[in-house]
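Next comes upload_15.pdb, a file with PDB, C-alpha atoms, pLDDT in the B column.
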```
MODEL        1
ATOM      1  CA  MET D   1      -4.037  23.258 -50.930  1.00 62.00           C
ATOM      2  CA  LYS D   2      -7.340  21.769 -52.045  1.00 64.00           C
ATOM      3  CA  LYS D   3      -6.744  18.578 -50.044  1.00 68.00           C
ATOM      4  CA  LEU D   4      -5.827  20.634 -46.975  1.00 63.00           C
ATOM      5  CA  ALA D   5      -9.067  22.615 -47.277  1.00 66.00           C
ATOM      6  CA  GLN D   6     -11.055  19.394 -47.601  1.00 71.00           C
ATOM      7  CA  ARG D   7      -9.468  17.939 -44.476  1.00 73.00           C
ATOM      8  CA  PHE D   8     -10.328  20.969 -42.351  1.00 72.00           C
ATOM      9  CA  LEU D   9     -13.793  21.620 -43.782  1.00 79.00           C
ATOM     10  CA  ILE D  10     -15.704  19.424 -41.308  1.00 81.00           C
ATOM     11  CA  PRO D  11     -13.725  20.676 -38.231  1.00 80.00           C
ATOM     12  CA  ALA D  12     -14.475  24.249 -39.348  1.00 82.00           C
ATOM     13  CA  LEU D  13     -18.178  23.456 -39.695  1.00 87.00           C
ATOM     14  CA  ILE D  14     -18.213  21.838 -36.254  1.00 84.00           C
ATOM     15  CA  LEU D  15     -16.567  24.955 -34.799  1.00 85.00           C
ATOM     16  CA  VAL D  16     -19.204  27.191 -36.418  1.00 85.00           C
ATOM     17  CA  VAL D  17     -22.074  25.008 -35.147  1.00 86.00           C
ATOM     18  CA  TRP D  18     -20.473  24.985 -31.692  1.00 82.00           C
ATOM     19  CA  TRP D  19     -20.271  28.788 -31.696  1.00 86.00           C
ATOM     20  CA  ILE D  20     -23.905  29.106 -32.847  1.00 86.00           C
ATOM     21  CA  ILE D  21     -25.137  26.718 -30.124  1.00 83.00           C
ATOM     22  CA  VAL D  22     -23.317  28.715 -27.452  1.00 81.00           C
ATOM     23  CA  LYS D  23     -24.513  32.023 -28.908  1.00 83.00           C
ATOM     24  CA  LEU D  24     -28.135  30.853 -28.859  1.00 81.00           C
ATOM     25  CA  GLN D  25     -27.638  29.521 -25.299  1.00 79.00           C
ATOM     26  CA  ILE D  26     -29.136  26.143 -26.190  1.00 79.00           C
ATOM     27  CA  PHE D  27     -26.955  24.626 -23.460  1.00 76.00           C
ATOM     28  CA  SER D  28     -25.627  26.294 -20.334  1.00 76.00           C
ATOM     29  CA  SER D  29     -21.992  27.384 -20.284  1.00 74.00           C
ATOM     30  CA  TYR D  30     -21.366  24.770 -17.600  1.00 76.00           C
ATOM     31  CA  LEU D  31     -22.287  21.977 -20.014  1.00 80.00           C
ATOM     32  CA  LEU D  32     -20.744  23.503 -23.131  1.00 83.00           C
ATOM     33  CA  PRO D  33     -18.266  26.372 -22.721  1.00 88.00           C
ATOM     34  CA  ALA D  34     -17.696  28.744 -25.629  1.00 86.00           C
ATOM     35  CA  PRO D  35     -14.889  28.096 -28.140  1.00 87.00           C
ATOM     36  CA  LEU D  36     -13.097  31.243 -26.952  1.00 89.00           C
ATOM     37  CA  THR D  37     -13.312  30.095 -23.322  1.00 87.00           C
ATOM     38  CA  THR D  38     -11.873  26.726 -24.263  1.00 88.00           C
ATOM     39  CA  TRP D  39      -9.064  28.391 -26.235  1.00 91.00           C
ATOM     40  CA  GLN D  40      -8.227  30.603 -23.270  1.00 91.00           C
ATOM     41  CA  ALA D  41      -8.108  27.534 -21.016  1.00 90.00           C
ATOM     42  CA  PHE D  42      -5.712  25.915 -23.504  1.00 91.00           C
ATOM     43  CA  LEU D  43      -3.430  28.966 -23.433  1.00 93.00           C
ATOM     44  CA  GLU D  44      -3.487  29.016 -19.623  1.00 91.00           C
ATOM     45  CA  LEU D  45      -2.549  25.328 -19.429  1.00 90.00           C
ATOM     46  CA  CYS D  46       0.272  25.874 -21.920  1.00 91.00           C
ATOM     47  CA  ALA D  47       1.581  28.960 -20.105  1.00 92.00           C
ATOM     48  CA  SER D  48       1.588  27.196 -16.732  1.00 90.00           C
ATOM     49  CA  GLY D  49       3.306  24.107 -18.147  1.00 89.00           C
ATOM     50  CA  ILE D  50       0.575  21.813 -16.803  1.00 89.00           C
ATOM     51  CA  LEU D  51      -0.493  20.604 -20.231  1.00 90.00           C
ATOM     52  CA  PHE D  52       3.077  19.899 -21.328  1.00 92.00           C
ATOM     53  CA  LYS D  53       3.725  17.914 -18.140  1.00 91.00           C
ATOM     54  CA  HIS D  54       0.659  15.713 -18.549  1.00 90.00           C
ATOM     55  CA  VAL D  55       1.231  15.190 -22.283  1.00 91.00           C
ATOM     56  CA  THR D  56       4.852  14.201 -21.688  1.00 91.00           C
ATOM     57  CA  VAL D  57       3.887  11.662 -19.027  1.00 89.00           C
ATOM     58  CA  SER D  58       1.213  10.120 -21.256  1.00 89.00           C
ATOM     59  CA  LEU D  59       3.502   9.898 -24.290  1.00 90.00           C
ATOM     60  CA  LEU D  60       6.275   8.237 -22.286  1.00 90.00           C
ATOM     61  CA  ARG D  61       3.807   5.670 -20.988  1.00 88.00           C
ATOM     62  CA  VAL D  62       2.429   4.996 -24.467  1.00 89.00           C
ATOM     63  CA  PHE D  63       5.790   4.454 -26.135  1.00 90.00           C
ATOM     64  CA  ALA D  64       7.084   2.315 -23.268  1.00 91.00           C
ATOM     65  CA  GLY D  65       3.995   0.085 -23.300  1.00 90.00           C
ATOM     66  CA  PHE D  66       3.907  -0.042 -27.091  1.00 91.00           C
ATOM     67  CA  GLY D  67       7.569  -1.044 -27.180  1.00 92.00           C
ATOM     68  CA  LEU D  68       6.939  -3.897 -24.768  1.00 93.00           C
ATOM     69  CA  ALA D  69       3.939  -5.032 -26.824  1.00 92.00           C
ATOM     70  CA  VAL D  70       6.076  -5.094 -29.984  1.00 92.00           C
ATOM     71  CA  LEU D  71       8.773  -7.146 -28.236  1.00 94.00           C
ATOM     72  CA  LEU D  72       6.138  -9.710 -27.244  1.00 92.00           C
ATOM     73  CA  ALA D  73       3.670  -9.741 -30.136  1.00 91.00           C
ATOM     74  CA  LEU D  74       6.019  -9.577 -33.117  1.00 90.00           C
ATOM     75  CA  PRO D  75       8.154 -12.675 -32.406  1.00 90.00           C
ATOM     76  CA  LEU D  76       5.146 -14.612 -31.074  1.00 90.00           C
ATOM     77  CA  GLY D  77       3.160 -13.871 -34.228  1.00 88.00           C
ATOM     78  CA  ILE D  78       6.071 -14.998 -36.406  1.00 86.00           C
ATOM     79  CA  ILE D  79       6.582 -18.199 -34.409  1.00 86.00           C
ATOM     80  CA  CYS D  80       2.858 -19.070 -34.482  1.00 86.00           C
ATOM     81  CA  GLY D  81       2.821 -18.432 -38.213  1.00 82.00           C
ATOM     82  CA  LEU D  82       5.791 -20.720 -38.821  1.00 80.00           C
ATOM     83  CA  SER D  83       5.091 -23.488 -36.294  1.00 80.00           C
ATOM     84  CA  ARG D  84       1.738 -25.262 -36.277  1.00 79.00           C
ATOM     85  CA  PHE D  85       2.687 -27.088 -33.077  1.00 78.00           C
ATOM     86  CA  PHE D  86       3.445 -23.845 -31.250  1.00 80.00           C
ATOM     87  CA  LYS D  87       0.226 -22.277 -32.558  1.00 76.00           C
ATOM     88  CA  GLU D  88      -1.925 -25.164 -31.308  1.00 79.00           C
ATOM     89  CA  PHE D  89      -0.089 -25.053 -27.984  1.00 81.00           C
ATOM     90  CA  CYS D  90      -0.854 -21.420 -27.147  1.00 81.00           C
ATOM     91  CA  TRP D  91      -3.705 -20.344 -29.473  1.00 81.00           C
ATOM     92  CA  SER D  92      -6.634 -21.156 -27.161  1.00 82.00           C
ATOM     93  CA  THR D  93      -5.053 -19.219 -24.299  1.00 82.00           C
ATOM     94  CA  LEU D  94      -4.389 -16.227 -26.522  1.00 83.00           C
ATOM     95  CA  GLU D  95      -7.946 -16.330 -27.865  1.00 83.00           C
ATOM     96  CA  PHE D  96      -9.284 -16.245 -24.304  1.00 85.00           C
ATOM     97  CA  LEU D  97      -7.132 -13.242 -23.422  1.00 81.00           C
ATOM     98  CA  ARG D  98      -8.054 -11.470 -26.675  1.00 83.00           C
ATOM     99  CA  HIS D  99     -11.726 -11.427 -25.741  1.00 83.00           C
ATOM    100  CA  VAL D 100     -11.099  -9.874 -22.323  1.00 81.00           C
ATOM    101  CA  PRO D 101     -11.121  -6.053 -22.675  1.00 80.00           C
ATOM    102  CA  PRO D 102      -8.089  -4.501 -20.912  1.00 77.00           C
ATOM    103  CA  LEU D 103     -10.301  -1.966 -19.148  1.00 74.00           C
ATOM    104  CA  ALA D 104     -12.381  -4.810 -17.681  1.00 77.00           C
ATOM    105  CA  ALA D 105      -9.242  -6.171 -16.057  1.00 80.00           C
ATOM    106  CA  ILE D 106      -8.198  -2.821 -14.533  1.00 79.00           C
ATOM    107  CA  PRO D 107      -9.437  -3.623 -10.977  1.00 80.00           C
ATOM    108  CA  LEU D 108      -7.424  -6.837 -10.943  1.00 83.00           C
ATOM    109  CA  ILE D 109      -4.404  -5.168 -12.557  1.00 83.00           C
ATOM    110  CA  ILE D 110      -4.460  -2.420  -9.922  1.00 80.00           C
ATOM    111  CA  LEU D 111      -4.744  -5.056  -7.180  1.00 83.00           C
ATOM    112  CA  TRP D 112      -1.689  -6.881  -8.538  1.00 85.00           C
ATOM    113  CA  PHE D 113       0.486  -3.975  -9.724  1.00 82.00           C
ATOM    114  CA  GLY D 114      -0.812  -0.989  -7.737  1.00 78.00           C
ATOM    115  CA  ILE D 115      -1.570   2.420  -9.221  1.00 74.00           C
ATOM    116  CA  GLU D 116       1.997   3.204 -10.252  1.00 77.00           C
ATOM    117  CA  GLU D 117       3.493   2.943 -13.748  1.00 79.00           C
ATOM    118  CA  ALA D 118       3.481  -0.867 -13.917  1.00 83.00           C
ATOM    119  CA  SER D 119      -0.316  -1.055 -14.063  1.00 83.00           C
ATOM    120  CA  LYS D 120      -0.461   1.461 -16.939  1.00 84.00           C
ATOM    121  CA  LEU D 121       2.144  -0.484 -18.900  1.00 87.00           C
ATOM    122  CA  VAL D 122       0.267  -3.765 -18.418  1.00 87.00           C
ATOM    123  CA  ILE D 123      -2.968  -2.211 -19.699  1.00 86.00           C
ATOM    124  CA  ILE D 124      -1.201  -0.760 -22.753  1.00 88.00           C
ATOM    125  CA  VAL D 125       0.498  -4.072 -23.536  1.00 89.00           C
ATOM    126  CA  LEU D 126      -2.809  -5.947 -23.307  1.00 88.00           C
ATOM    127  CA  ALA D 127      -4.472  -3.433 -25.636  1.00 88.00           C
ATOM    128  CA  ALA D 128      -1.641  -3.259 -28.177  1.00 90.00           C
ATOM    129  CA  PHE D 129      -0.608  -6.907 -28.237  1.00 91.00           C
ATOM    130  CA  PHE D 130      -3.356  -8.575 -30.271  1.00 90.00           C
ATOM    131  CA  PRO D 131      -3.646  -6.195 -33.276  1.00 91.00           C
ATOM    132  CA  LEU D 132       0.067  -6.658 -33.947  1.00 90.00           C
ATOM    133  CA  PHE D 133       0.105 -10.362 -33.111  1.00 90.00           C
ATOM    134  CA  LEU D 134      -2.822 -11.216 -35.395  1.00 89.00           C
ATOM    135  CA  ASN D 135      -1.545  -9.097 -38.290  1.00 90.00           C
ATOM    136  CA  THR D 136       1.920 -10.607 -37.985  1.00 89.00           C
ATOM    137  CA  TYR D 137       0.496 -14.112 -37.890  1.00 87.00           C
ATOM    138  CA  SER D 138      -1.744 -13.383 -40.883  1.00 87.00           C
ATOM    139  CA  GLY D 139       1.119 -11.876 -42.880  1.00 84.00           C
ATOM    140  CA  VAL D 140       3.382 -14.850 -42.286  1.00 83.00           C
ATOM    141  CA  THR D 141       0.746 -17.518 -43.005  1.00 83.00           C
ATOM    142  CA  THR D 142      -0.660 -15.890 -46.161  1.00 81.00           C
ATOM    143  CA  CYS D 143       2.670 -15.709 -47.950  1.00 75.00           C
ATOM    144  CA  ASP D 144       2.359 -16.732 -51.615  1.00 71.00           C
ATOM    145  CA  LYS D 145       3.086 -20.458 -51.865  1.00 75.00           C
ATOM    146  CA  LYS D 146       4.644 -19.987 -55.289  1.00 75.00           C
ATOM    147  CA  LEU D 147       7.329 -17.772 -53.777  1.00 73.00           C
ATOM    148  CA  LEU D 148       8.124 -20.497 -51.256  1.00 70.00           C
ATOM    149  CA  GLU D 149       8.312 -23.023 -54.088  1.00 71.00           C
ATOM    150  CA  VAL D 150      10.829 -20.768 -55.824  1.00 70.00           C
ATOM    151  CA  GLY D 151      12.857 -20.672 -52.616  1.00 72.00           C
ATOM    152  CA  THR D 152      12.795 -24.453 -52.451  1.00 71.00           C
ATOM    153  CA  ALA D 153      13.921 -24.652 -56.080  1.00 75.00           C
ATOM    154  CA  LEU D 154      16.821 -22.364 -55.239  1.00 72.00           C
ATOM    155  CA  HIS D 155      17.749 -24.699 -52.363  1.00 70.00           C
ATOM    156  CA  LEU D 156      17.174 -22.085 -49.682  1.00 72.00           C
ATOM    157  CA  THR D 157      17.126 -23.281 -46.100  1.00 72.00           C
ATOM    158  CA  THR D 158      14.039 -22.832 -43.933  1.00 69.00           C
ATOM    159  CA  TRP D 159      15.593 -19.818 -42.192  1.00 76.00           C
ATOM    160  CA  GLU D 160      16.607 -18.273 -45.523  1.00 75.00           C
ATOM    161  CA  LYS D 161      13.059 -18.651 -46.860  1.00 74.00           C
ATOM    162  CA  VAL D 162      11.711 -17.004 -43.712  1.00 74.00           C
ATOM    163  CA  ARG D 163      14.219 -14.168 -43.892  1.00 76.00           C
ATOM    164  CA  HIS D 164      14.150 -13.472 -47.638  1.00 75.00           C
ATOM    165  CA  ILE D 165      10.580 -14.456 -48.596  1.00 77.00           C
ATOM    166  CA  GLN D 166       8.047 -14.741 -45.766  1.00 76.00           C
ATOM    167  CA  LEU D 167       9.044 -11.777 -43.609  1.00 79.00           C
ATOM    168  CA  PRO D 168       9.354  -9.296 -46.530  1.00 80.00           C
ATOM    169  CA  ALA D 169       5.983 -10.516 -47.858  1.00 80.00           C
ATOM    170  CA  ALA D 170       4.434 -10.072 -44.413  1.00 80.00           C
ATOM    171  CA  LEU D 171       5.907  -6.599 -43.866  1.00 84.00           C
ATOM    172  CA  PRO D 172       2.910  -4.573 -45.201  1.00 83.00           C
ATOM    173  CA  THR D 173       0.542  -6.490 -42.903  1.00 87.00           C
ATOM    174  CA  ILE D 174       2.925  -6.103 -39.968  1.00 87.00           C
ATOM    175  CA  ILE D 175       3.077  -2.343 -40.588  1.00 88.00           C
ATOM    176  CA  ILE D 176      -0.725  -2.176 -40.415  1.00 87.00           C
ATOM    177  CA  GLY D 177      -0.600  -4.139 -37.159  1.00 89.00           C
ATOM    178  CA  LEU D 178       1.931  -1.686 -35.732  1.00 89.00           C
ATOM    179  CA  GLN D 179      -0.268   1.250 -36.690  1.00 87.00           C
ATOM    180  CA  LEU D 180      -3.341  -0.317 -35.087  1.00 89.00           C
ATOM    181  CA  SER D 181      -1.399  -1.264 -31.959  1.00 91.00           C
ATOM    182  CA  LEU D 182      -0.107   2.267 -31.528  1.00 89.00           C
ATOM    183  CA  GLY D 183      -3.634   3.650 -31.759  1.00 87.00           C
ATOM    184  CA  TYR D 184      -4.931   1.072 -29.280  1.00 88.00           C
ATOM    185  CA  SER D 185      -2.068   1.959 -26.931  1.00 88.00           C
ATOM    186  CA  TRP D 186      -3.041   5.622 -26.884  1.00 87.00           C
ATOM    187  CA  ARG D 187      -6.724   4.934 -26.261  1.00 83.00           C
ATOM    188  CA  ALA D 188      -6.110   2.318 -23.589  1.00 84.00           C
ATOM    189  CA  LEU D 189      -3.729   4.621 -21.730  1.00 80.00           C
ATOM    190  CA  ILE D 190      -6.264   7.439 -21.554  1.00 78.00           C
ATOM    191  CA  GLY D 191      -8.844   5.001 -20.173  1.00 75.00           C
ATOM    192  CA  ALA D 192      -6.389   3.773 -17.566  1.00 76.00           C
ATOM    193  CA  GLU D 193      -5.475   7.315 -16.539  1.00 77.00           C
ATOM    194  CA  LEU D 194      -9.140   8.179 -16.109  1.00 71.00           C
ATOM    195  CA  ILE D 195      -9.473   5.390 -13.554  1.00 70.00           C
ATOM    196  CA  ALA D 196      -6.202   5.264 -11.655  1.00 67.00           C
ATOM    197  CA  ALA D 197      -3.460   7.847 -12.144  1.00 71.00           C
ATOM    198  CA  SER D 198      -1.929  10.934 -10.589  1.00 77.00           C
ATOM    199  CA  SER D 199      -0.666  12.418 -13.853  1.00 82.00           C
ATOM    200  CA  GLY D 200      -1.319  12.263 -17.584  1.00 85.00           C
ATOM    201  CA  ILE D 201      -3.996  13.606 -19.925  1.00 87.00           C
ATOM    202  CA  GLY D 202      -6.656  11.254 -18.593  1.00 85.00           C
ATOM    203  CA  TYR D 203      -5.947  12.361 -15.037  1.00 86.00           C
ATOM    204  CA  MET D 204      -6.084  16.019 -16.116  1.00 89.00           C
ATOM    205  CA  ILE D 205      -9.564  15.463 -17.601  1.00 88.00           C
ATOM    206  CA  LEU D 206     -10.833  13.674 -14.495  1.00 85.00           C
ATOM    207  CA  ASP D 207      -9.383  16.342 -12.214  1.00 87.00           C
ATOM    208  CA  ALA D 208     -11.019  19.080 -14.313  1.00 86.00           C
ATOM    209  CA  GLU D 209     -14.375  17.289 -14.097  1.00 84.00           C
ATOM    210  CA  GLU D 210     -14.124  17.191 -10.301  1.00 83.00           C
ATOM    211  CA  LEU D 211     -13.263  20.907 -10.271  1.00 83.00           C
ATOM    212  CA  SER D 212     -16.200  21.739 -12.570  1.00 84.00           C
ATOM    213  CA  ARG D 213     -13.944  22.930 -15.408  1.00 87.00           C
ATOM    214  CA  PRO D 214     -15.619  21.728 -18.636  1.00 88.00           C
ATOM    215  CA  ASP D 215     -13.333  24.017 -20.645  1.00 89.00           C
ATOM    216  CA  VAL D 216     -10.289  22.073 -19.411  1.00 90.00           C
ATOM    217  CA  VAL D 217     -12.113  18.801 -20.104  1.00 90.00           C
ATOM    218  CA  LEU D 218     -12.655  19.908 -23.701  1.00 91.00           C
ATOM    219  CA  VAL D 219      -9.014  20.935 -23.991  1.00 92.00           C
ATOM    220  CA  GLY D 220      -7.999  17.469 -22.857  1.00 90.00           C
ATOM    221  CA  VAL D 221     -10.341  15.799 -25.358  1.00 89.00           C
ATOM    222  CA  PHE D 222      -9.037  17.940 -28.232  1.00 91.00           C
ATOM    223  CA  VAL D 223      -5.418  17.347 -27.241  1.00 91.00           C
ATOM    224  CA  ILE D 224      -6.003  13.579 -27.161  1.00 89.00           C
ATOM    225  CA  GLY D 225      -7.468  13.644 -30.672  1.00 89.00           C
ATOM    226  CA  ILE D 226      -4.792  15.950 -32.086  1.00 90.00           C
ATOM    227  CA  ILE D 227      -1.874  13.996 -30.611  1.00 89.00           C
ATOM    228  CA  GLY D 228      -3.377  10.695 -31.769  1.00 88.00           C
ATOM    229  CA  THR D 229      -3.769  12.095 -35.300  1.00 88.00           C
ATOM    230  CA  VAL D 230      -0.219  13.460 -35.364  1.00 89.00           C
ATOM    231  CA  ILE D 231       1.226  10.148 -34.136  1.00 88.00           C
ATOM    232  CA  ASP D 232      -0.725   8.301 -36.825  1.00 86.00           C
ATOM    233  CA  GLU D 233       0.435  10.681 -39.569  1.00 86.00           C
ATOM    234  CA  ILE D 234       4.069  10.354 -38.485  1.00 86.00           C
ATOM    235  CA  PHE D 235       3.743   6.591 -38.441  1.00 84.00           C
ATOM    236  CA  ILE D 236       2.272   6.565 -41.960  1.00 83.00           C
ATOM    237  CA  MET D 237       5.174   8.708 -43.219  1.00 84.00           C
ATOM    238  CA  LEU D 238       7.700   6.320 -41.681  1.00 82.00           C
ATOM    239  CA  ALA D 239       5.833   3.310 -43.084  1.00 78.00           C
ATOM    240  CA  LYS D 240       6.001   4.749 -46.590  1.00 77.00           C
ATOM    241  CA  ARG D 241       9.748   5.077 -46.229  1.00 78.00           C
ATOM    242  CA  LEU D 242       9.978   1.443 -45.152  1.00 72.00           C
ATOM    243  CA  LEU D 243       7.733   0.336 -48.041  1.00 68.00           C
ATOM    244  CA  PRO D 244       8.801   2.486 -51.018  1.00 60.00           C
ATOM    245  CA  TRP D 245       7.343   0.007 -53.516  1.00 52.00           C
ATOM    246  CA  GLN D 246       3.900   0.451 -51.971  1.00 54.00           C
ATOM    247  CA  ARG D 247       4.171   4.237 -52.290  1.00 53.00           C
ATOM    248  CA  LYS D 248       5.020   3.874 -55.984  1.00 48.00           C
ATOM    249  CA  ALA D 249       2.025   1.604 -56.502  1.00 41.00           C
ATOM    250  CA  GLU D 250      -0.268   4.181 -54.858  1.00 48.00           C
ATOM    251  CA  ASN D 251       1.149   6.957 -57.035  1.00 51.00           C
ATOM    252  CA  ASN D 252       0.533   4.825 -60.141  1.00 46.00           C
ATOM    253  CA  GLY D 253      -3.102   4.334 -59.132  1.00 44.00           C
ATOM    254  CA  TYR D 254      -2.959   0.628 -58.165  1.00 42.00           C
TER     255      TYR D 254
ENDMDL
END
```

Represent the structure of the file as structure tokens.
Amino acid sequence: MKKLAQRFLIPALILVVWWIIVKLQIFSSYLLPAPLTTWQAFLELCASGILFKHVTVSLLRVFAGFGLAVLLALPLGIICGLSRFFKEFCWSTLEFLRHVPPLAAIPLIILWFGIEEASKLVIIVLAAFFPLFLNTYSGVTTCDKKLLEVGTALHLTTWEKVRHIQLPAALPTIIIGLQLSLGYSWRALIGAELIAASSGIGYMILDAEELSRPDVVLVGVFVIGIIGTVIDEIFIMLAKRLLPWQRKAENNGY
């Protein structure tokens, strides 16, 4: 109960400050609608089904793009970590792409893929690829050499050492990469929807701005933050189930 109160203390203070600012009319209601007005807008969007429709579209896009990024980044990170030749072959190209922000490439992506779903998926993949790729590569390459020496002493084949030693040792780092990639996917999608979309949370915010509905804009912003937090919490719970030894270490204070 104490931890729950601590987590919601700052949001509660922000809500109080927000209410005071509106009450004192420091800003006009057009720039900053009242908390009650924003809550009523949220209820209206829920009752009409508009919010549910946009949230569903955005979530489907995120998980589809994130899944594609995992299918590309995970094996490529493992291969680069295991093969120096393959790393040297493709590393410079990947480094170039890593330094190009996905949002900067949106005009070109729209030109190539249009404004339909393909362009959103490409943007999500570009945003989610490198956090997972780099963490996977780092996890594989930083495996304890002594463990590999033990595998050699036990006459394990190269594949057996990868399967039973390197990949399990890299799993905590890979999990972190997955968590980061999922967060990047969500943020990149919202940016893409703000620029070119006909549905989704980002589109709902842009449409509300054009209709002079700051209350709906605030609803969209809050929904983005809440959904992102919930997704992250669910992911952490699943990660702890995959890494039970790490949970025990945390409980023991290590």

Picked residues, the PyMOL selection byres ((chain D and resi 197) around 12), as number ranges by chain: D: 54, 57-58, 61, 106, 110, 114-120, 189-196, 198-207

Pick out the residues sitting within 10 Å of region 87-103 of chain D, and hand them over as a tab-separated table (two decimals) with C-alpha atoms, in the coordinates of the input; count only C-alpha atoms, and ignore anything fewer than 5 positions along from it in its own chain.
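File written: result-v9.tsv
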```
chain	number	residue	atom	x	y	z
D	76	LEU	CA	5.15	-14.61	-31.07
D	77	GLY	CA	3.16	-13.87	-34.23
D	79	ILE	CA	6.58	-18.20	-34.41
D	80	CYS	CA	2.86	-19.07	-34.48
D	81	GLY	CA	2.82	-18.43	-38.21
D	82	LEU	CA	5.79	-20.72	-38.82
D	108	LEU	CA	-7.42	-6.84	-10.94
D	109	ILE	CA	-4.40	-5.17	-12.56
D	122	VAL	CA	0.27	-3.76	-18.42
D	123	ILE	CA	-2.97	-2.21	-19.70
D	124	ILE	CA	-1.20	-0.76	-22.75
D	125	VAL	CA	0.50	-4.07	-23.54
D	126	LEU	CA	-2.81	-5.95	-23.31
D	127	ALA	CA	-4.47	-3.43	-25.64
D	128	ALA	CA	-1.64	-3.26	-28.18
D	129	PHE	CA	-0.61	-6.91	-28.24
D	130	PHE	CA	-3.36	-8.57	-30.27
D	131	PRO	CA	-3.65	-6.20	-33.28
D	133	PHE	CA	0.10	-10.36	-33.11
D	137	TYR	CA	0.50	-14.11	-37.89
D	188	ALA	CA	-6.11	2.32	-23.59
D	189	LEU	CA	-3.73	4.62	-21.73
D	191	GLY	CA	-8.84	5.00	-20.17
D	192	ALA	CA	-6.39	3.77	-17.57
D	195	ILE	CA	-9.47	5.39	-13.55
```

Long-range neighbours of region 160-174 of chain D as a ChimeraX atom specification, 7 Å cut-off, only C-alpha atoms, 3 positions minimum in chain: /D:132,135-136,139-140,143,147-148,151,156-157,177-178

Could you dump the residues just selected with C-alpha atoms as a short mmCIF file (atom, residue, chain, number, x, y, z; two decimals), in the frame of the given file?
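Output file again_5.cif is given in full below:
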```
data_model
loop_
_atom_site.label_atom_id
_atom_site.label_comp_id
_atom_site.auth_asym_id
_atom_site.auth_seq_id
_atom_site.Cartn_x
_atom_site.Cartn_y
_atom_site.Cartn_z
CA LEU D 132 0.07 -6.66 -33.95
CA ASN D 135 -1.54 -9.10 -38.29
CA THR D 136 1.92 -10.61 -37.98
CA GLY D 139 1.12 -11.88 -42.88
CA VAL D 140 3.38 -14.85 -42.29
CA CYS D 143 2.67 -15.71 -47.95
CA LEU D 147 7.33 -17.77 -53.78
CA LEU D 148 8.12 -20.50 -51.26
CA GLY D 151 12.86 -20.67 -52.62
CA LEU D 156 17.17 -22.08 -49.68
CA THR D 157 17.13 -23.28 -46.10
CA GLY D 177 -0.60 -4.14 -37.16
CA LEU D 178 1.93 -1.69 -35.73
#
```

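The interatomic distance for the pair CA of Gly49 (chain D) and CA of Ser181 (chain D) works out to 29.3 Å.
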
Residues matched by the PyMOL selection byres ((chain D and resi 35-44) around 7), written as a ChimeraX atom specification: /D:19,33-34,45-48,215-216,218-219

Go ahead and dump the residues you just picked, C-alpha atoms, as a PDB file, in the coordinates of the input.
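The resulting file, again-v4.pdb, is reproduced below:
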```pdb
ATOM      1  CA  TRP D  19     -20.271  28.788 -31.696  1.00 86.00           C
ATOM      2  CA  PRO D  33     -18.266  26.372 -22.721  1.00 88.00           C
ATOM      3  CA  ALA D  34     -17.696  28.744 -25.629  1.00 86.00           C
ATOM      4  CA  LEU D  45      -2.549  25.328 -19.429  1.00 90.00           C
ATOM      5  CA  CYS D  46       0.272  25.874 -21.920  1.00 91.00           C
ATOM      6  CA  ALA D  47       1.581  28.960 -20.105  1.00 92.00           C
ATOM      7  CA  SER D  48       1.588  27.196 -16.732  1.00 90.00           C
ATOM      8  CA  ASP D 215     -13.333  24.017 -20.645  1.00 89.00           C
ATOM      9  CA  VAL D 216     -10.289  22.073 -19.411  1.00 90.00           C
ATOM     10  CA  LEU D 218     -12.655  19.908 -23.701  1.00 91.00           C
ATOM     11  CA  VAL D 219      -9.014  20.935 -23.991  1.00 92.00           C
TER      12      VAL D 219
END
```

Pick from D:Gly220, D:Ala69, D:Leu32, D:Ala208 nearest to Ile20 (chain D), counting only C-alpha atoms: D:Leu32

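Taking CA of Gly183 (chain D) and CA of Ile231 (chain D) as endpoints, the distance between them is 8.5 Å.
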
Separation of CA of Trp159 (chain D) from CA of Ala73 (chain D), in Å and rounded to one decimal: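 The value is 19.7 Å.
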
Proximity to Leu134 (chain D) - best of D:Ile175, D:Ala104, D:Leu121, D:Leu24, only C-alpha atoms: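 Closest to Leu134 (chain D), using only C-alpha atoms: D:Ile175.
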
Given only C-alpha atoms as the counted atoms, nearest of D:Leu211, D:Trp186, D:Val62, D:Lys23 to Ile224 (chain D): D:Trp186
